[in-house]
Structures are given as C-alpha cells and as structure tokens.
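> Below is one structure. I have some questions about it.
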Amino acid sequence: MRLRRFEIRNFKGIASATIDWDDLLIFIGENNSGKSSILNALATFLSGSAVKDRNLFHRHQTDHASAIELVGHFDNLTAQELDEIAVRGRTVDDRWILKKKFWFEADESGDGQWREMLYSFSGIEQFQGWPASEASWGSFPADYQPLIDSMPEKGNRPNVGSRESLKDVIRRQRPEWVSYSSPRWIENPGGGGNWKSNANSILPRCIFVRAVQEASDETKSKDASTYGKLINLIVERSLASRPELGRLREALDDVLALFRPSQEEPERQAEEIRDLQGRINASLNDVIGGTAVIRTEAVEVQDLLLPSTSLVIHDVEADIETDVVHQGHGLQRSLVMTLLQMLSEAQVNASHSPHLQSSRGTVLLIEEPELYLHPQMERLMRDVIYRLSSQEHTQVAVCTHSPVFLDVAERYRSIVRTWRSSDGGTSVHQVREELFPQPGDRVDKKRLQTVARFHPTVNELFFAKSVVLLEEASAIAAFERGAELIGLFDRVPRLRREVTLIDCDGKYSVVAFQRVLNAFGIVYRVIHDADSGAAAEQENERIASLLPVGRGHLVYTVQPTDLESMLGYISSGGSKPYRAVCTVERLHSEGALPEPFIEAIHMVYLGNPGRELR
C-alpha cells in the first residue's frame, strides 16, 4: 500500500492543500510557512488517534462546518490488503480512498464532545436478488439456498454476522451477482468499530522524527517513541528471514487453528472450542435466532517480540543506562541518522523475505534533518533519505531549510514549496508536469544536472525571495563586491539575505534554470552578456522568450558585449572571479566605476537602475 495523494482541509494554517506523493517529498519554505503542519497532518491521519485540540483547527474553528478533513488515496494494494474488511469492495480505479473528519459538537449548555467520523469513497455494494426483508433464510431466492446451506455456522435465522458471511461466499463463488453504484462518500462504512479499527490497522505505520524533542515523549512507552519505533523496525527487518521466526509463525498458526472452523480440516478446530460454542448456542438460539462463534485475531510475530525491544545509551565511565530522550540534541540527531542508515541496509537485506512482502508500509516523517549536523554529515543524511525512499514499502517526507537535500534536475516533483499567503494561511505549490518533455529539451536537462551536481549551492534558488540568474561566477563576484563598495548593502541591508545570485555556468544553461523557476512560480531576473554572433543572439532570444509576463521578472543585457568589456579588463584561465574583483576595487578607488556597471548592480539587486540610491 502506498499513499499516493493526501488532501488537507482546515488543519492549523492550512485551509486546503493537496499533495501528490510517489516515494519522496521535500517541503521547503520560510519559518512558520506550514511545512511542519503538513507533516503533523500526515502523522495525525496515519496514527489512528482522534483530534481533541482546538489549536489544530484552522483559525481555531471547531464546529462541523469547519471540521478537519484528511483524505488519503492509496494504490499498490496487495491481494491481502484488498481482502481486508475496510478495503474489500471499496476501491475506485484500483485506489482505496479514506477520509477522516474531526470536529467538536456543542450542546445547548455550551458543553459537548469531540467527534470523529471515517468515510470511504466508493460505490455501494449491491447483491443481485438480495431480499428487502432479511428476517429469515427462506426470504432469500432459490439460487441463494445452496450457498446458505454451505455455511457451517449459519444459524436458524440470519443475523449481522451470518449475513456478512453469506456476502463473503457470494463474492468468492458468484462475483457476477455483485455490482456497485457510482462512487460517493459513504459515512461509517461497514457500520461499526470493526471497520474503523481495521482501516487504522492497515494504514502504513508512521515514524515522526521531530526537530525538537517534546517533553511528552519522555512519558511514552519505549516502543511508542521515535527511537523505539525505529529500532523495532530495524530489528523486524533484520530478523525477517530467520528460520526461528518462521517456526514461531507456524506454531502460532497451529494455535490459531484451534479457534477456526474449517470445512477442509474440521479436526483442526479444538474440541473444547466446539463444545463451548455449542453450549453457548444452546442457551441463546431461542433468544437471538442465530449462533455465536468464538474467534481470535491473528497475531503478528513482531507484536509479540518488539514491544519489549528498546534502545538505551550506556555510559561506560559511569556504568549507567539512560533513555535516548534524556541525551543531548546532537547525540539524538546523530543516533537518528545512524538508525535510518541501518534501516536502509536492513531493508535491502530483507527485501527477498516472503514475510516482508506482506508487511505494512512505513512512512518516515523527518523535520529538519540537517539539525546539529555538519556539512559532510548532511550529505550523508541526504543519501540515506533518498536511498530509503527508493525502497519498496517505504515513503519519506522531509521539511528542510538546507539546499543539500534537493535534486533540482531529477527530483523536482518531490519538492513542495510552502509560503504564507496574504490572508495569513499556508499556500502550497508542487510541480506535477514534465519540465523537459521534448527530445530537444534533453540538452537543457543535462546541463542543469551537471551544474546542480557540481555546484549544489544552486539549490538555494528555492529558498530565496528573489533570484538572479548569472552566466558565471565572475559576474557574481563583480556585482557583490561592487554593491559593497557603492554602499548598497548599507542602505538596503535586506538585499544580502533576500536576493540570491545563481551561477548558471554559462549562458546556454540559463534556460534550464528558467524552466524550473517558471514551474515553481519563483520570481527571478536574468542578467547576461549581450555577446555577438548568430548563436549568441539566438540564445538571447530563447532566454527572453521563456521570461514570464509579470511583475519582478526581467532580462537585463550587459553592453556592449560582456562584463569584461564593460569594466575594461581581460580575463583568462581560472582566475576570472579574482580578476573581476580586483578590477572593480581598482576602478572604485580611482572613482572610475563605469555608469553602466553601477546601473547593472542596481538591476541585479533592485530590478531597476536605482540611480537615486547611488
């Protein structure tokens, strides 16, 4: 099972948002823009817990009209998942769509209670010939009678359990009798707690690595903490193929068979269970007109072993053991990275285990994975996250302020921008289309891949309020030093943090960056040399043609042909940035900075000549 789409309504600052998800999501945006709110919404939906905190509701409105709604669209369902109570007969276009709704229902006195409702988006199952009156087996059509007679525990009269059993028989033996109405939201499908319990039990398990450890986590049971869940998952994956666990599963199956009636092997059911059922039914039959059946739910091996498995830190010098949550944040983050790396390795080793193939999926939610990590460890964490997300049964969602975790060329669909809209709410933007769809676009994509791979700082464009695309590093060096010397940063300090200059590594890579910026709706300017010749003029036209119409976007061409000509120096070899800075400093000391260069500085940082600021 994979969570393919997630819809959020009225959760914290999010009035409405829809996220498409394959294997990896990376949320970016300024502080307080809603990144963590999306992860919290995901955790709430997957955890199965109720919402009873008005602070989680949009604008703190908790009435039914303002209810929180979280909707998950799941695909890649296994045969076992398709046969689950919550899913069986409730898929639409091979997807299972589940909605959870939370609100507060007030009474006349001002008190009330928190409410929760689950919905399935599906058609209503209809059985050909099913009678309007279900009070007796005789009311069912003649062609139903052989199926009814084949039921070992049908009872004298139908009840809720036996009617559901008959429907199961029809689904297996007479599927042509089953049809469905047009799909719609069905409230509380299945009619009771069993459907809800089953729906929550088959959702992917969620592990939420928060940026800051909450004090409440210290009071949780060891297997419910983030570290407990991670170590349990690693142990489960590491032991998946052990023969001892296989034998334990077989032994458990033998025990469960004592409770199960079986037409093929009736002798496997315990005589004590059959006798107990018979005595209960002898007393109840005249009262309820049905039969009681003693059942027990299947037990997973990990549910027996893993709750007793935990991780503590042993201080060798003091000879004491301490829970992880009582350690420093730096150690906690390093431990998380280590556990994630081990999980990645354990899942690779267990990928061929038949028991893992039927395992529940896992969703990892990680807030700011870069915290407390130096740059080399950041890159290692990035590699671990990408490797985990590529593995079957695992999806990863991350919110970050670090450009290290972005792949602008290959994984741009995984990047989700969040920002505060004019009304104070959270807006979300995700690119869903192919940015390089045509065969002729492959060169542009290859250039972008090369630049991003060897100059990863270009990913900073996703974190800037204003982006300026430049042809090369020497232009960045010249304009930054020029702005310092003419006092632009002193007069407008915000420009240092709000404007990001991007080295496109050549004019012919500019259009690739434009495609990305256009798709994400990021404001930018292009400052490039005029150059000479037919090829240069053609590229200039390509750059201009991709510029969106709107405020803030512009192209400024350095005259007469390039920056070197404007400043009057010749650059060569690998010293172009150094030569550019030295030339700018010399010209400034002589009071001879060219007017076109000063104008270009203001075009870079302000988007206009800005002569009044000189």
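Here, A, B, ... name the chains of the structure tokens in the order displayed, residue numbers run from 1 inside each chain, and ligands are numbered from 1 in the same displayed order.
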Would you mind listing what lies within 10 Å of Thr394 of chain A as a VMD selection string, with only C-alpha atoms counted and same-chain residues fewer than 3 positions away left out?

chain A and resid 1 to 2 23 to 24 204 to 205 344 347 360 to 364 387 to 391

> Please, which residues in segment 496-520 of chain A fall within 6 Å of segment 460-471 of chain A when counting only C-alpha atoms, and what is the closest atom pair and distance in Å to one decimal for each, ordered by chain then residue number, as a tab-separated table?


```
residue	atom	partner	partner_atom	distance
A:Glu498	CA	A:Lys465	CA	5.2
A:Val499	CA	A:Ser466	CA	4.8
A:Thr500	CA	A:Val467	CA	5.0
A:Leu501	CA	A:Val468	CA	4.9
A:Ile502	CA	A:Leu469	CA	5.0
A:Asp503	CA	A:Leu470	CA	5.3
A:Cys504	CA	A:Glu471	CA	5.3
A:Asp505	CA	A:Glu471	CA	5.6
A:Gly506	CA	A:Glu471	CA	4.6
A:Lys507	CA	A:Glu471	CA	5.1
```

> Please list as a list in words every residue within 6 Å of segment 234-239 of chain A, counting only C-alpha atoms and excluding residues in the same chain fewer than 3 positions away.

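Answer for this query is Ile231, Arg242, Leu343, Ala346, Gln347 and Ala350 of chain A.
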
> Output the selection as an mmCIF file, in the first residue's frame - N, CA and C atoms for each residue.


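Written file, result36.cif:
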```
data_model
loop_
_atom_site.group_PDB
_atom_site.id
_atom_site.type_symbol
_atom_site.label_atom_id
_atom_site.label_comp_id
_atom_site.auth_asym_id
_atom_site.auth_seq_id
_atom_site.Cartn_x
_atom_site.Cartn_y
_atom_site.Cartn_z
ATOM 1 N N ILE A 231 14.055 1.378 16.095
ATOM 2 C CA ILE A 231 14.811 0.177 16.436
ATOM 3 C C ILE A 231 13.952 -1.067 16.242
ATOM 4 N N ARG A 242 14.981 -15.108 9.423
ATOM 5 C CA ARG A 242 15.489 -16.112 10.354
ATOM 6 C C ARG A 242 14.551 -17.325 10.405
ATOM 7 N N LEU A 343 18.474 1.094 9.023
ATOM 8 C CA LEU A 343 17.184 0.656 8.487
ATOM 9 C C LEU A 343 17.276 0.453 6.982
ATOM 10 N N ALA A 346 19.109 -2.763 6.440
ATOM 11 C CA ALA A 346 18.323 -3.926 6.857
ATOM 12 C C ALA A 346 17.228 -4.236 5.855
ATOM 13 N N GLN A 347 16.618 -3.184 5.276
ATOM 14 C CA GLN A 347 15.542 -3.415 4.314
ATOM 15 C C GLN A 347 16.082 -4.003 3.017
ATOM 16 N N ALA A 350 16.609 -7.654 3.684
ATOM 17 C CA ALA A 350 15.375 -8.420 3.901
ATOM 18 C C ALA A 350 14.415 -8.333 2.728
#
```

> What residues in segment 315-546 of chain A get the DSSP label strand (DSSP E)? Please answer as a VMD selection string.

chain A and resid 315 320 to 323 362 to 367 394 to 399 415 to 420 426 to 430 466 to 470 499 to 503 524 to 529

> Using only C-alpha atoms for the distances, tell me which of A:Ile598, A:Val169, A:Asp253, A:Ile124 is nearest to Gln145 of chain A.

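Residue with the minimum atom-to-atom distance to Gln145 of chain A: A:Val169.
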